[in-house]
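Student: So here's work33.cif (mmCIF, C-alpha atoms).
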data_start
#
loop_
_atom_site.label_atom_id
_atom_site.label_comp_id
_atom_site.auth_asym_id
_atom_site.auth_seq_id
_atom_site.Cartn_x
_atom_site.Cartn_y
_atom_site.Cartn_z
CA MET A 1 -38.52 -25.57 24.84
CA LYS A 2 -38.24 -23.50 21.67
CA ALA A 3 -40.94 -21.76 19.69
CA ALA A 4 -42.29 -23.44 16.56
CA GLU A 5 -41.61 -21.92 13.16
CA PHE A 6 -43.40 -18.74 12.18
CA TYR A 7 -43.11 -15.85 9.75
CA TYR A 8 -41.92 -12.58 11.25
CA GLU A 9 -43.06 -9.20 10.01
CA ARG A 10 -41.68 -5.92 11.24
CA PRO A 11 -43.88 -3.21 9.73
CA GLU A 12 -43.00 0.44 10.00
CA THR A 13 -46.48 1.97 10.25
CA LEU A 14 -49.80 1.31 11.92
CA GLU A 15 -51.41 1.01 8.49
CA ASP A 16 -49.01 -1.79 7.61
CA VAL A 17 -49.92 -3.57 10.84
CA LEU A 18 -53.64 -3.29 10.17
CA ALA A 19 -53.15 -4.63 6.65
CA LEU A 20 -51.48 -7.75 8.07
CA LEU A 21 -53.78 -8.62 10.98
CA SER A 22 -55.83 -11.77 10.54
CA ASP A 23 -56.69 -15.03 12.31
CA ASP A 24 -53.19 -16.31 11.51
CA ALA A 25 -51.21 -13.09 11.98
CA ILE A 26 -51.05 -11.82 15.52
CA PRO A 27 -49.29 -8.84 17.10
CA LEU A 28 -46.16 -9.09 19.23
CA ALA A 29 -46.20 -6.34 21.85
CA GLY A 30 -43.95 -6.73 24.91
CA GLY A 31 -43.72 -10.47 24.37
CA GLN A 32 -43.66 -11.18 28.09
CA SER A 33 -46.78 -13.35 27.89
CA LEU A 34 -46.80 -14.32 24.23
CA MET A 35 -43.18 -15.53 24.07
CA PRO A 36 -43.60 -17.90 27.06
CA MET A 37 -46.73 -19.29 25.39
CA MET A 38 -44.82 -19.73 22.14
CA ASN A 39 -41.85 -21.29 23.93
CA PHE A 40 -44.26 -23.80 25.46
CA ARG A 41 -45.91 -24.15 22.03
CA MET A 42 -49.24 -23.25 23.61
CA ALA A 43 -49.37 -20.49 21.00
CA ARG A 44 -48.35 -21.26 17.42
CA PRO A 45 -49.14 -18.24 15.29
CA GLU A 46 -48.30 -18.52 11.63
CA ILE A 47 -47.26 -14.88 11.44
CA LEU A 48 -45.94 -12.63 14.18
CA ILE A 49 -46.30 -8.88 13.62
CA ASP A 50 -43.73 -7.00 15.70
CA LEU A 51 -45.27 -3.75 17.01
CA ASN A 52 -42.15 -2.52 18.75
CA ARG A 53 -40.99 -0.15 16.01
CA ILE A 54 -44.35 1.49 15.26
CA ALA A 55 -44.25 5.16 16.14
CA GLY A 56 -47.11 6.74 18.01
CA LEU A 57 -48.35 3.69 19.91
CA SER A 58 -46.81 4.55 23.26
CA GLY A 59 -46.96 7.50 25.59
CA ILE A 60 -49.30 9.04 28.11
CA ALA A 61 -51.35 12.14 27.28
CA ASP A 62 -53.63 14.24 29.45
CA GLU A 63 -56.94 14.67 27.65
CA GLY A 64 -58.77 16.59 30.36
CA THR A 65 -61.05 14.09 32.04
CA ASP A 66 -59.02 11.08 30.95
CA LEU A 67 -55.47 10.02 30.34
CA ARG A 68 -54.90 8.43 26.95
CA ILE A 69 -52.28 5.71 27.28
CA GLY A 70 -50.74 4.30 24.11
CA ALA A 71 -51.17 0.52 23.87
CA MET A 72 -47.42 -0.10 23.65
CA THR A 73 -46.68 1.88 26.83
CA ARG A 74 -44.53 -0.35 29.04
CA TYR A 75 -45.36 -1.02 32.69
CA VAL A 76 -42.06 0.54 33.77
CA ASP A 77 -43.02 3.80 32.08
CA LEU A 78 -46.46 3.76 33.67
CA MET A 79 -44.76 3.33 37.04
CA SER A 80 -42.43 6.28 36.55
CA SER A 81 -45.01 8.60 34.99
CA ASP A 82 -45.85 11.81 36.85
CA LEU A 83 -49.26 11.91 35.17
CA ILE A 84 -50.09 8.40 36.34
CA ARG A 85 -48.79 9.11 39.83
CA ALA A 86 -50.93 12.23 40.08
CA HIS A 87 -54.12 10.99 38.44
CA VAL A 88 -54.27 7.17 38.59
CA PRO A 89 -53.11 6.15 42.07
CA LEU A 90 -54.59 2.66 41.54
CA PHE A 91 -51.77 1.90 39.12
CA GLY A 92 -49.22 2.80 41.78
CA LEU A 93 -50.78 0.27 44.16
CA ALA A 94 -51.13 -2.50 41.59
CA LEU A 95 -48.29 -2.37 39.08
CA PRO A 96 -45.49 -3.40 41.48
CA HIS A 97 -47.34 -6.71 41.82
CA ILE A 98 -47.12 -7.47 38.13
CA ALA A 99 -44.45 -10.12 37.50
CA HIS A 100 -40.88 -8.83 37.97
CA ALA A 101 -38.88 -5.73 37.11
CA ALA A 102 -37.36 -7.22 33.96
CA ILE A 103 -40.81 -8.22 32.75
CA ARG A 104 -42.18 -4.75 33.48
CA ASN A 105 -39.40 -3.25 31.38
CA ARG A 106 -40.97 -4.82 28.28
CA GLY A 107 -44.56 -5.73 29.07
CA THR A 108 -47.24 -3.35 27.78
CA ILE A 109 -50.69 -2.27 28.86
CA GLY A 110 -52.19 -3.09 25.46
CA GLY A 111 -50.62 -6.53 25.38
CA SER A 112 -52.07 -7.44 28.76
CA LEU A 113 -55.55 -6.25 27.83
CA ALA A 114 -55.54 -8.00 24.46
CA LEU A 115 -54.40 -11.30 25.98
CA ALA A 116 -56.99 -11.15 28.79
CA ASP A 117 -55.27 -13.73 30.95
CA PRO A 118 -57.77 -14.52 33.73
CA ALA A 119 -55.00 -14.03 36.30
CA ALA A 120 -53.71 -10.71 34.98
CA GLU A 121 -54.06 -7.49 36.94
CA MET A 122 -54.56 -4.96 34.16
CA PRO A 123 -58.02 -6.10 33.00
CA ALA A 124 -59.31 -5.81 36.58
CA LEU A 125 -57.72 -2.36 36.91
CA LEU A 126 -59.51 -1.18 33.75
CA LEU A 127 -62.83 -2.53 35.05
CA THR A 128 -62.35 -0.75 38.37
CA LEU A 129 -61.48 2.53 36.70
CA GLY A 130 -64.20 2.36 34.10
CA GLY A 131 -61.66 2.58 31.32
CA THR A 132 -62.16 2.36 27.56
CA ILE A 133 -60.17 0.34 25.07
CA CYS A 134 -59.63 2.09 21.74
CA VAL A 135 -59.08 -0.15 18.74
CA GLN A 136 -58.46 0.27 15.06
CA SER A 137 -58.82 -1.91 12.00
CA ARG A 138 -58.67 -1.47 8.24
CA SER A 139 -62.35 -0.51 8.33
CA GLY A 140 -62.17 2.11 11.05
CA ALA A 141 -61.92 2.71 14.75
CA ARG A 142 -64.10 2.00 17.74
CA GLU A 143 -64.07 2.42 21.50
CA ILE A 144 -64.99 -0.51 23.73
CA PRO A 145 -65.85 0.06 27.41
CA ALA A 146 -63.90 -2.24 29.72
CA ASP A 147 -67.19 -3.75 30.93
CA ALA A 148 -67.85 -5.04 27.42
CA PHE A 149 -64.29 -6.09 26.58
CA PHE A 150 -63.40 -9.17 28.63
CA LEU A 151 -65.50 -12.10 27.49
CA GLY A 152 -63.72 -15.18 28.80
CA ALA A 153 -60.37 -16.85 29.24
CA TYR A 154 -58.04 -15.20 26.69
CA GLU A 155 -61.17 -13.98 24.91
CA THR A 156 -61.97 -10.35 24.27
CA ALA A 157 -64.29 -8.30 22.10
CA LEU A 158 -61.44 -7.74 19.63
CA GLU A 159 -62.01 -8.93 16.08
CA PRO A 160 -59.02 -10.70 14.48
CA ASP A 161 -58.30 -7.67 12.32
CA GLU A 162 -58.41 -5.18 15.20
CA LEU A 163 -55.51 -3.72 17.15
CA ILE A 164 -55.67 -1.95 20.49
CA THR A 165 -54.04 1.43 19.86
CA SER A 166 -54.73 3.22 23.14
CA VAL A 167 -56.52 3.01 26.46
CA LEU A 168 -58.56 5.81 28.04
CA VAL A 169 -58.39 5.91 31.82
CA PRO A 170 -60.56 8.36 33.78
CA LYS A 171 -58.43 10.65 35.91
CA ASP A 172 -58.51 11.34 39.61
CA ARG A 173 -60.19 8.27 41.02
CA MET A 174 -58.36 8.90 44.26
CA GLN A 175 -60.11 6.56 46.71
CA VAL A 176 -58.75 3.25 45.55
CA GLY A 177 -57.57 -0.03 47.00
CA PHE A 178 -55.74 -3.10 45.73
CA HIS A 179 -54.65 -6.42 47.15
CA GLU A 180 -53.43 -9.66 45.70
CA LEU A 181 -52.09 -12.88 47.19
CA ALA A 182 -49.45 -14.87 45.34
CA ARG A 183 -47.38 -17.85 46.40
CA ARG A 184 -44.14 -16.08 45.55
CA HIS A 185 -43.50 -12.45 44.80
CA GLY A 186 -44.26 -11.88 41.16
CA ASP A 187 -46.17 -15.11 40.62
CA TYR A 188 -49.60 -15.01 39.05
CA ALA A 189 -52.06 -14.20 41.80
CA MET A 190 -53.99 -16.84 43.67
CA VAL A 191 -56.64 -14.16 43.82
CA GLY A 192 -56.69 -10.38 43.64
CA VAL A 193 -59.01 -7.40 43.79
CA ALA A 194 -59.08 -3.74 42.82
CA ILE A 195 -61.51 -1.21 44.27
CA SER A 196 -62.51 2.34 43.48
CA LEU A 197 -65.04 4.27 45.58
CA GLN A 198 -65.59 7.50 43.64
CA PRO A 199 -67.61 8.50 41.68
CA GLN A 200 -69.22 5.10 42.23
CA ILE A 201 -68.16 1.93 43.98
CA LEU A 202 -66.49 -0.48 41.56
CA VAL A 203 -64.93 -3.76 42.66
CA ALA A 204 -63.13 -6.06 40.22
CA PHE A 205 -61.54 -9.42 40.99
CA PHE A 206 -58.92 -11.28 38.98
CA SER A 207 -57.62 -14.82 39.06
CA VAL A 208 -60.98 -16.05 40.32
CA SER A 209 -62.68 -17.40 37.20
CA ASP A 210 -62.27 -17.27 33.44
CA ARG A 211 -61.90 -13.49 33.37
CA ALA A 212 -61.47 -10.37 35.44
CA GLU A 213 -64.92 -9.46 36.69
CA ARG A 214 -66.79 -6.90 38.67
CA VAL A 215 -69.15 -8.08 41.39
CA PRO A 216 -72.21 -5.77 41.38
CA ASP A 217 -73.67 -7.44 44.49
CA ALA A 218 -70.50 -6.71 46.44
CA GLU A 219 -70.41 -3.16 45.09
CA ALA A 220 -73.99 -2.62 46.30
CA ALA A 221 -73.25 -4.13 49.71
CA LEU A 222 -70.28 -1.89 50.52
CA PRO A 223 -69.50 -0.25 52.92
CA ASP A 224 -70.86 -3.29 54.81
CA LEU A 225 -67.76 -5.42 54.42
CA ASP A 226 -69.27 -8.63 55.80
CA ALA A 227 -72.19 -8.39 53.39
CA ALA A 228 -69.81 -7.64 50.52
CA VAL A 229 -67.72 -10.72 51.34
CA SER A 230 -70.89 -12.85 51.42
CA ALA A 231 -71.89 -11.43 48.05
CA LEU A 232 -68.74 -12.90 46.50
CA ASP A 233 -70.65 -16.18 46.16
CA ALA A 234 -71.86 -14.63 42.91
CA ILE A 235 -68.46 -15.39 41.35
CA ALA A 236 -68.22 -18.74 39.57
CA PHE A 237 -64.84 -19.57 41.06
CA LEU A 238 -62.53 -21.70 38.93
CA GLY A 239 -59.45 -23.37 40.40
CA ASP A 240 -56.08 -23.19 38.68
CA GLN A 241 -52.53 -24.33 39.41
CA ASN A 242 -52.19 -21.69 42.13
CA ALA A 243 -55.31 -22.41 44.15
CA ASP A 244 -58.47 -24.47 43.90
CA ALA A 245 -61.93 -22.92 43.71
CA ASN A 246 -62.66 -23.24 47.45
CA THR A 247 -59.37 -21.61 48.37
CA LYS A 248 -60.03 -18.81 45.91
CA ARG A 249 -63.49 -18.30 47.39
CA TYR A 250 -62.06 -17.95 50.86
CA LEU A 251 -59.13 -15.78 49.79
CA ALA A 252 -61.42 -13.51 47.77
CA GLY A 253 -62.94 -12.39 51.05
CA VAL A 254 -59.50 -11.95 52.58
CA VAL A 255 -58.20 -9.74 49.77
CA LEU A 256 -61.38 -7.70 49.70
CA ARG A 257 -61.02 -6.91 53.42
CA ARG A 258 -57.32 -6.08 53.03
CA ALA A 259 -57.94 -3.91 49.97
CA VAL A 260 -60.57 -1.92 51.83
CA GLU A 261 -58.28 -1.55 54.85
CA GLY A 262 -55.43 -0.35 52.67
CA MET A 263 -57.42 2.18 50.67
CA THR A 264 -55.92 5.51 49.69
CA MET B 1 -40.92 -22.58 7.06
CA SER B 2 -40.16 -19.26 8.66
CA GLY B 3 -36.82 -18.43 7.21
CA THR B 4 -34.06 -16.27 8.44
CA ARG B 5 -33.17 -12.60 8.69
CA GLN B 6 -29.95 -10.69 8.75
CA ILE B 7 -29.44 -8.62 11.84
CA THR B 8 -26.76 -6.15 12.86
CA LEU B 9 -26.34 -5.35 16.50
CA THR B 10 -23.65 -4.16 18.89
CA VAL B 11 -22.75 -6.69 21.55
CA ASN B 12 -20.41 -5.59 24.33
CA GLY B 13 -19.12 -2.86 22.05
CA ASP B 14 -18.53 -5.08 19.01
CA VAL B 15 -20.70 -4.72 15.90
CA GLU B 16 -21.96 -8.12 14.80
CA THR B 17 -23.84 -9.01 11.62
CA ARG B 18 -25.39 -12.42 11.41
CA VAL B 19 -28.17 -14.30 9.67
CA VAL B 20 -30.50 -15.85 12.25
CA PRO B 21 -33.64 -18.00 12.25
CA VAL B 22 -36.53 -15.68 13.10
CA ARG B 23 -37.69 -17.98 15.89
CA GLN B 24 -34.33 -17.94 17.68
CA ASN B 25 -34.43 -16.02 20.93
CA LEU B 26 -31.79 -13.50 21.93
CA VAL B 27 -30.09 -15.50 24.66
CA ASP B 28 -29.74 -18.53 22.37
CA PHE B 29 -28.30 -16.25 19.67
CA LEU B 30 -25.74 -14.82 22.09
CA ARG B 31 -24.78 -18.25 23.39
CA HIS B 32 -24.73 -20.28 20.19
CA ASN B 33 -23.95 -17.75 17.44
CA LEU B 34 -21.57 -15.49 19.36
CA GLY B 35 -20.20 -17.93 21.92
CA LEU B 36 -21.19 -15.66 24.80
CA THR B 37 -22.24 -18.42 27.14
CA GLY B 38 -22.18 -16.26 30.28
CA SER B 39 -25.92 -15.61 29.97
CA HIS B 40 -27.78 -18.73 31.00
CA VAL B 41 -31.01 -20.41 29.98
CA GLY B 42 -33.22 -21.70 32.79
CA CYS B 43 -36.99 -21.73 32.53
CA GLU B 44 -37.48 -20.20 29.07
CA HIS B 45 -40.64 -18.44 30.20
CA GLY B 46 -39.32 -15.35 31.93
CA VAL B 47 -39.59 -16.40 35.55
CA CYS B 48 -36.17 -17.57 36.74
CA GLY B 49 -34.07 -14.61 35.60
CA ALA B 50 -31.00 -16.62 34.55
CA CYS B 51 -31.13 -15.09 31.06
CA THR B 52 -31.36 -11.47 32.24
CA LEU B 53 -29.12 -9.16 30.24
CA GLN B 54 -29.15 -5.56 29.03
CA VAL B 55 -30.61 -4.32 25.77
CA ASP B 56 -30.28 -0.59 25.06
CA GLY B 57 -29.48 0.02 28.71
CA THR B 58 -32.50 -1.84 30.07
CA MET B 59 -32.48 -5.23 31.72
CA ILE B 60 -34.67 -7.73 29.91
CA ARG B 61 -35.24 -11.47 29.68
CA GLY B 62 -33.12 -12.85 26.88
CA CYS B 63 -35.46 -15.83 26.53
CA LEU B 64 -38.43 -13.60 25.76
CA MET B 65 -36.91 -11.44 23.06
CA LEU B 66 -36.30 -12.73 19.56
CA ALA B 67 -32.82 -12.13 18.16
CA VAL B 68 -34.42 -10.39 15.18
CA GLN B 69 -36.00 -7.90 17.56
CA ALA B 70 -32.53 -6.87 18.73
CA ASP B 71 -31.54 -5.72 15.25
CA GLY B 72 -29.96 -2.29 15.64
CA SER B 73 -29.71 -2.54 19.41
CA GLU B 74 -26.86 -2.40 21.90
CA ILE B 75 -26.48 -5.49 24.05
CA GLN B 76 -24.46 -5.79 27.24
CA THR B 77 -23.86 -9.21 28.71
CA ILE B 78 -21.98 -10.47 31.77
CA GLU B 79 -18.87 -10.75 29.63
CA ALA B 80 -18.70 -6.94 29.59
CA MET B 81 -19.65 -6.40 33.22
CA SER B 82 -16.07 -5.89 34.42
CA GLY B 83 -15.64 -3.03 31.97
CA ASP B 84 -18.36 -1.05 33.72
CA PRO B 85 -17.08 0.55 36.97
CA LEU B 86 -20.32 -0.10 38.80
CA GLY B 87 -20.51 -3.61 37.37
CA ALA B 88 -16.96 -4.34 38.48
CA ARG B 89 -17.78 -2.98 41.94
CA LEU B 90 -20.78 -5.34 42.15
CA GLN B 91 -18.67 -8.30 41.01
CA GLN B 92 -16.13 -7.50 43.70
CA ALA B 93 -18.87 -7.22 46.33
CA PHE B 94 -20.35 -10.56 45.22
CA ARG B 95 -16.93 -12.17 45.71
CA THR B 96 -16.31 -10.48 49.06
CA ARG B 97 -19.72 -11.46 50.38
CA ASN B 98 -19.69 -15.00 48.91
CA ALA B 99 -22.82 -14.14 46.96
CA LEU B 100 -22.38 -16.95 44.45
CA GLN B 101 -21.83 -20.70 44.66
CA CYS B 102 -22.60 -22.53 41.42
CA GLY B 103 -22.79 -19.25 39.53
CA PHE B 104 -25.81 -20.16 37.40
CA CYS B 105 -27.97 -17.25 38.59
CA THR B 106 -25.06 -14.86 38.93
CA PRO B 107 -24.93 -13.18 35.52
CA GLY B 108 -28.66 -12.45 35.65
CA MET B 109 -28.41 -11.45 39.29
CA LEU B 110 -25.63 -8.97 38.48
CA ALA B 111 -27.62 -7.51 35.59
CA SER B 112 -30.53 -7.02 37.95
CA ALA B 113 -28.31 -5.57 40.69
CA LEU B 114 -26.70 -3.20 38.22
CA GLU B 115 -30.07 -1.79 37.22
CA TYR B 116 -31.04 -1.45 40.87
CA VAL B 117 -27.96 0.54 41.81
CA ARG B 118 -28.09 2.66 38.64
CA MET B 119 -31.69 3.67 39.29
CA GLY B 120 -30.80 4.81 42.80
CA GLY B 121 -32.19 1.88 44.75
CA SER B 122 -31.87 2.15 48.51
CA ALA B 123 -29.88 -0.05 50.89
CA ASP B 124 -33.13 -1.21 52.44
CA ARG B 125 -33.00 -5.00 52.31
CA HIS B 126 -36.71 -5.31 51.57
CA ALA B 127 -36.37 -3.02 48.57
CA ILE B 128 -33.35 -4.97 47.30
CA ARG B 129 -35.19 -8.27 47.67
CA ASP B 130 -38.17 -6.78 45.90
CA HIS B 131 -36.04 -5.87 42.90
CA ILE B 132 -34.16 -9.17 42.66
CA SER B 133 -37.30 -11.21 43.26
CA GLY B 134 -37.23 -12.07 39.57
CA ASN B 135 -33.83 -13.79 39.87
CA TYR B 136 -33.95 -17.21 41.43
CA CYS B 137 -30.93 -18.64 43.28
CA ARG B 138 -30.92 -22.25 44.42
CA CYS B 139 -27.61 -22.17 46.25
CA THR B 140 -27.04 -19.16 48.45
CA GLY B 141 -30.34 -18.47 50.17
CA TYR B 142 -30.07 -14.85 48.93
CA GLN B 143 -28.73 -13.27 52.17
CA ALA B 144 -25.23 -12.86 50.82
CA ILE B 145 -26.55 -11.45 47.54
CA VAL B 146 -28.56 -8.84 49.42
CA ASP B 147 -25.47 -8.10 51.54
CA ALA B 148 -23.38 -7.52 48.41
CA ILE B 149 -25.89 -5.19 46.79
CA ALA B 150 -26.44 -3.27 50.04
CA ASP B 151 -22.65 -2.84 50.36
CA VAL B 152 -22.43 -1.27 46.91
CA VAL B 153 -25.41 1.01 47.52
CA GLU B 154 -23.95 2.16 50.83
CA ASP B 155 -20.56 2.80 49.27
CA ALA B 156 -22.16 4.83 46.52
CA THR B 157 -24.05 7.09 48.95
#
Would you write out, as structure tokens, the structure that this file holds?

Tutor:
Amino acid sequence: MKAAEFYYERPETLEDVLALLSDDAIPLAGGQSLMPMMNFRMARPEILIDLNRIAGLSGIADEGTDLRIGAMTRYVDLMSSDLIRAHVPLFGLALPHIAHAAIRNRGTIGGSLALADPAAEMPALLLTLGGTICVQSRSGAREIPADAFFLGAYETALEPDELITSVLVPKDRMQVGFHELARRHGDYAMVGVAISLQPQILVAFFSVSDRAERVPDAEAALPDLDAAVSALDAIAFLGDQNADANTKRYLAGVVLRRAVEGMT
Amino acid sequence: MSGTRQITLTVNGDVETRVVPVRQNLVDFLRHNLGLTGSHVGCEHGVCGACTLQVDGTMIRGCLMLAVQADGSEIQTIEAMSGDPLGARLQQAFRTRNALQCGFCTPGMLASALEYVRMGGSADRHAIRDHISGNYCRCTGYQAIVDAIADVVEDAT
């Protein structure tokens, strides 16, 4: 199917983008989630603001304790980055599971976080790493911890006039694990989990409910794996087209065990 | 009413200037406005890979990029594949190995294979399958496609 009519804006500067953002005018980042939704007419924005020519929104910078990743940084560039390889090994475990190579050539970290698809990997990765989402609007800038960002299915703490400009990811969380199960390679996960052990145990699941979520009871139970798996009852599992709630509940325990086994 | 925009882009070496509806995607533009029907439309949500083509040297889904976004870009489609030595080598290997039947997936499959070989992908069959996992084939069962790509990688090394 084809997208419905919309107005297309291609601003040159961040300021121009911020001036345009509203309930009816939404950003186009990589387009690898938004365009399918528009092709299905599940999304019908009045105005599309193309971010792909805005300078300064992509790139990876070492800021000492954190890496600052521009919101328009594409998955493929995260995967080939020496800084990411050295300091964020969790991305190396997880990113190859995101969709397919052609998708990763265009898809962006900021786009994934802003969309907050319950089945997406990146929100769970940010929760596990204790990352921060940096946003700007006409009225200023603010930083939102990942724990406070993902509110529900496709719902985040972003106001309609706010744009994610960068993401701060703490460096050197080296004891990490990741596992997801999907029907076919590159499909949305039936269920998935990301884990980090240092400096504190953080466990975040995705494709289990209406959002990526940490499970504090499971975090407290580890390293007792059986107790941690039992603690997953705390998740309000929601079935989707890939697996029903009972299957997700069972598989959540499976992926947790495999993620722990496969830890770096 | 969203209107139209004029775009200028280079497609297979030819500079083209056209006025397009802003909601038209790139693969539809190439097929309908330029008559380059070698790139195919399958799922229109980025999964099947039939629309895979190259923009500015990178393989992308033609169904997920708007034509207006390609303004100023260089596009390479299957129609230009034979003009690229590596592309021609892959086409020959696909023929030799019987890696196509109906041909619907083939242009996208070749675009994907071309990127794999260019980026130094190995002859390991698992790695090849991993890379082409975003290109669905309903006819061949993939073995022959993997054979063809492995042949080209092995020849190149």

Student: Taking the file as I've supplied it (selection: the PyMOL selection byres ((chain A) within 10 of (chain B))), which residues are included? Please answer as a PDB file with C-alpha atoms, in the coordinates of the input.

Tutor:
ATOM      1  CA  MET A   1     -38.520 -25.570  24.840  1.00  0.00           C
ATOM      2  CA  LYS A   2     -38.240 -23.500  21.670  1.00  0.00           C
ATOM      3  CA  ALA A   3     -40.940 -21.760  19.690  1.00  0.00           C
ATOM      4  CA  ALA A   4     -42.290 -23.440  16.560  1.00  0.00           C
ATOM      5  CA  GLU A   5     -41.610 -21.920  13.160  1.00  0.00           C
ATOM      6  CA  PHE A   6     -43.400 -18.740  12.180  1.00  0.00           C
ATOM      7  CA  TYR A   7     -43.110 -15.850   9.750  1.00  0.00           C
ATOM      8  CA  TYR A   8     -41.920 -12.580  11.250  1.00  0.00           C
ATOM      9  CA  GLU A   9     -43.060  -9.200  10.010  1.00  0.00           C
ATOM     10  CA  ARG A  10     -41.680  -5.920  11.240  1.00  0.00           C
ATOM     11  CA  GLY A  30     -43.950  -6.730  24.910  1.00  0.00           C
ATOM     12  CA  GLY A  31     -43.720 -10.470  24.370  1.00  0.00           C
ATOM     13  CA  GLN A  32     -43.660 -11.180  28.090  1.00  0.00           C
ATOM     14  CA  SER A  33     -46.780 -13.350  27.890  1.00  0.00           C
ATOM     15  CA  LEU A  34     -46.800 -14.320  24.230  1.00  0.00           C
ATOM     16  CA  MET A  35     -43.180 -15.530  24.070  1.00  0.00           C
ATOM     17  CA  PRO A  36     -43.600 -17.900  27.060  1.00  0.00           C
ATOM     18  CA  MET A  37     -46.730 -19.290  25.390  1.00  0.00           C
ATOM     19  CA  MET A  38     -44.820 -19.730  22.140  1.00  0.00           C
ATOM     20  CA  ASN A  39     -41.850 -21.290  23.930  1.00  0.00           C
ATOM     21  CA  PHE A  40     -44.260 -23.800  25.460  1.00  0.00           C
ATOM     22  CA  GLU A  46     -48.300 -18.520  11.630  1.00  0.00           C
ATOM     23  CA  ILE A  47     -47.260 -14.880  11.440  1.00  0.00           C
ATOM     24  CA  LEU A  48     -45.940 -12.630  14.180  1.00  0.00           C
ATOM     25  CA  ASP A  50     -43.730  -7.000  15.700  1.00  0.00           C
ATOM     26  CA  ASN A  52     -42.150  -2.520  18.750  1.00  0.00           C
ATOM     27  CA  ARG A  53     -40.990  -0.150  16.010  1.00  0.00           C
ATOM     28  CA  PRO A  96     -45.490  -3.400  41.480  1.00  0.00           C
ATOM     29  CA  ALA A  99     -44.450 -10.120  37.500  1.00  0.00           C
ATOM     30  CA  HIS A 100     -40.880  -8.830  37.970  1.00  0.00           C
ATOM     31  CA  ALA A 101     -38.880  -5.730  37.110  1.00  0.00           C
ATOM     32  CA  ALA A 102     -37.360  -7.220  33.960  1.00  0.00           C
ATOM     33  CA  ILE A 103     -40.810  -8.220  32.750  1.00  0.00           C
ATOM     34  CA  ARG A 104     -42.180  -4.750  33.480  1.00  0.00           C
ATOM     35  CA  ASN A 105     -39.400  -3.250  31.380  1.00  0.00           C
ATOM     36  CA  ARG A 106     -40.970  -4.820  28.280  1.00  0.00           C
ATOM     37  CA  ARG A 184     -44.140 -16.080  45.550  1.00  0.00           C
ATOM     38  CA  HIS A 185     -43.500 -12.450  44.800  1.00  0.00           C
ATOM     39  CA  GLY A 186     -44.260 -11.880  41.160  1.00  0.00           C
ATOM     40  CA  ASP A 187     -46.170 -15.110  40.620  1.00  0.00           C
TER      41      ASP A 187
END

Student: Enclose the full set of atoms of stretch 138-149 of chain A listed in the file within a box whose edges lie along x, y and z, apply 8 Å of padding to each of the six sides, and report centre and edge lengths in Å to one decimal as lines of an AutoDock Vina configuration file.

Tutor:
center_x = -63.3
center_y = -1.7
center_z = 19.6
size_x = 25.2
size_y = 24.8
size_z = 38.7

Student: So how many Å separate atom CA of B:His32 and atom CA of B:Gln92, to one decimal?

Tutor: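 So the answer is 28.1 Å.
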
Student: Taking the file as I've supplied it (selection: the PyMOL selection byres ((chain A and resi 201) around 12)), which residues are included? Please answer as JSON, numbers by chain.

Tutor: {"A": [127, 128, 129, 130, 173, 175, 176, 177, 194, 195, 196, 197, 198, 199, 200, 202, 203, 204, 214, 215, 216, 217, 218, 219, 220, 221, 222, 223, 228, 260]}

Student: Which one of B:Gly108, B:Gly38, B:Gly87, B:Gly72 sits closest to B:Tyr136 if you count only C-alpha atoms?

Tutor: B:Gly108

Student: Identify, on the basis of all atoms listed in the file, every residue whose closest approach to stretch 78-91 of chain A does not exceed 6 Å; exclude the query and any residue fewer than 4 positions from it along the same chain; express the result as a ChimeraX atom specification.

Tutor: /A:95,171-172,176

Student: Store the residues picked out above, limited to C-alpha atoms, as an mmCIF file, in the frame of the given file.

Tutor:
data_model
loop_
_atom_site.group_PDB
_atom_site.id
_atom_site.type_symbol
_atom_site.label_atom_id
_atom_site.label_comp_id
_atom_site.auth_asym_id
_atom_site.auth_seq_id
_atom_site.Cartn_x
_atom_site.Cartn_y
_atom_site.Cartn_z
ATOM 1 C CA LEU A 95 -48.290 -2.370 39.080
ATOM 2 C CA LYS A 171 -58.430 10.650 35.910
ATOM 3 C CA ASP A 172 -58.510 11.340 39.610
ATOM 4 C CA VAL A 176 -58.750 3.250 45.550
#

Student: Evaluate the PyMOL selection byres ((chain B and resi 13) around 10) against this structure - the residues, as a PyMOL selection string, please.

Tutor: chain B and resi 9-12+14-16+74-76+80

Student: Show me as a PyMOL selection string the residues that reach within 8 Å of (-58.1, 3.1, 27.7), counting only C-alpha atoms and using the file's own coordinates.

Tutor: chain A and resi 67-69+126+131-134+166-169

Student: What separation in Å, quoted to one decimal, exists between atom CA of A:Gly70 and atom CA of B:Val27?

Tutor: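 Between these atoms lies a distance of 28.6 Å.
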
Student: Figure out the distance between atom CA of A:Val17 and atom CA of A:Leu57, please, to one decimal in Å.

Tutor: 11.7 Å

Student: Do a neighbour search on A:Thr13 at 9 Å with only C-alpha atoms, toss out local chain neighbours closer than 6 positions, and write the hits as a list in words.

Tutor: Leu51, Arg53, Ile54 and Ala55 of chain A

Student: With only C-alpha atoms as the atoms that count, which of A:Gly262, A:Pro27, A:Gly253, A:Pro160 lies nearest to A:Gly111?

Tutor: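 Nearest to A:Gly111: A:Pro27.
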
Student: Please return, as a count of residues only, all polymer residues that have at least one atom within 12 Å of the point (-25.2, -16.0, 51.7); use all atoms listed in the file and the file's own coordinate frame.

Tutor: 21

Student: Could you name the residues that touch A:Glu213 at 10 Å or less, counting all atoms listed in the file, but leaving out those on the same chain fewer than 4 positions away, as a list of chain:residue names?

Tutor: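 So the residues in contact are A:Pro118, A:Pro123, A:Ala124, A:Leu127, A:Thr128, A:Asp147, A:Phe150, A:Leu151, A:Gly152, A:Val193, A:Val203, A:Ala204, A:Phe205, A:Phe206, A:Ser207, A:Val208, A:Ser209, A:Ile235.
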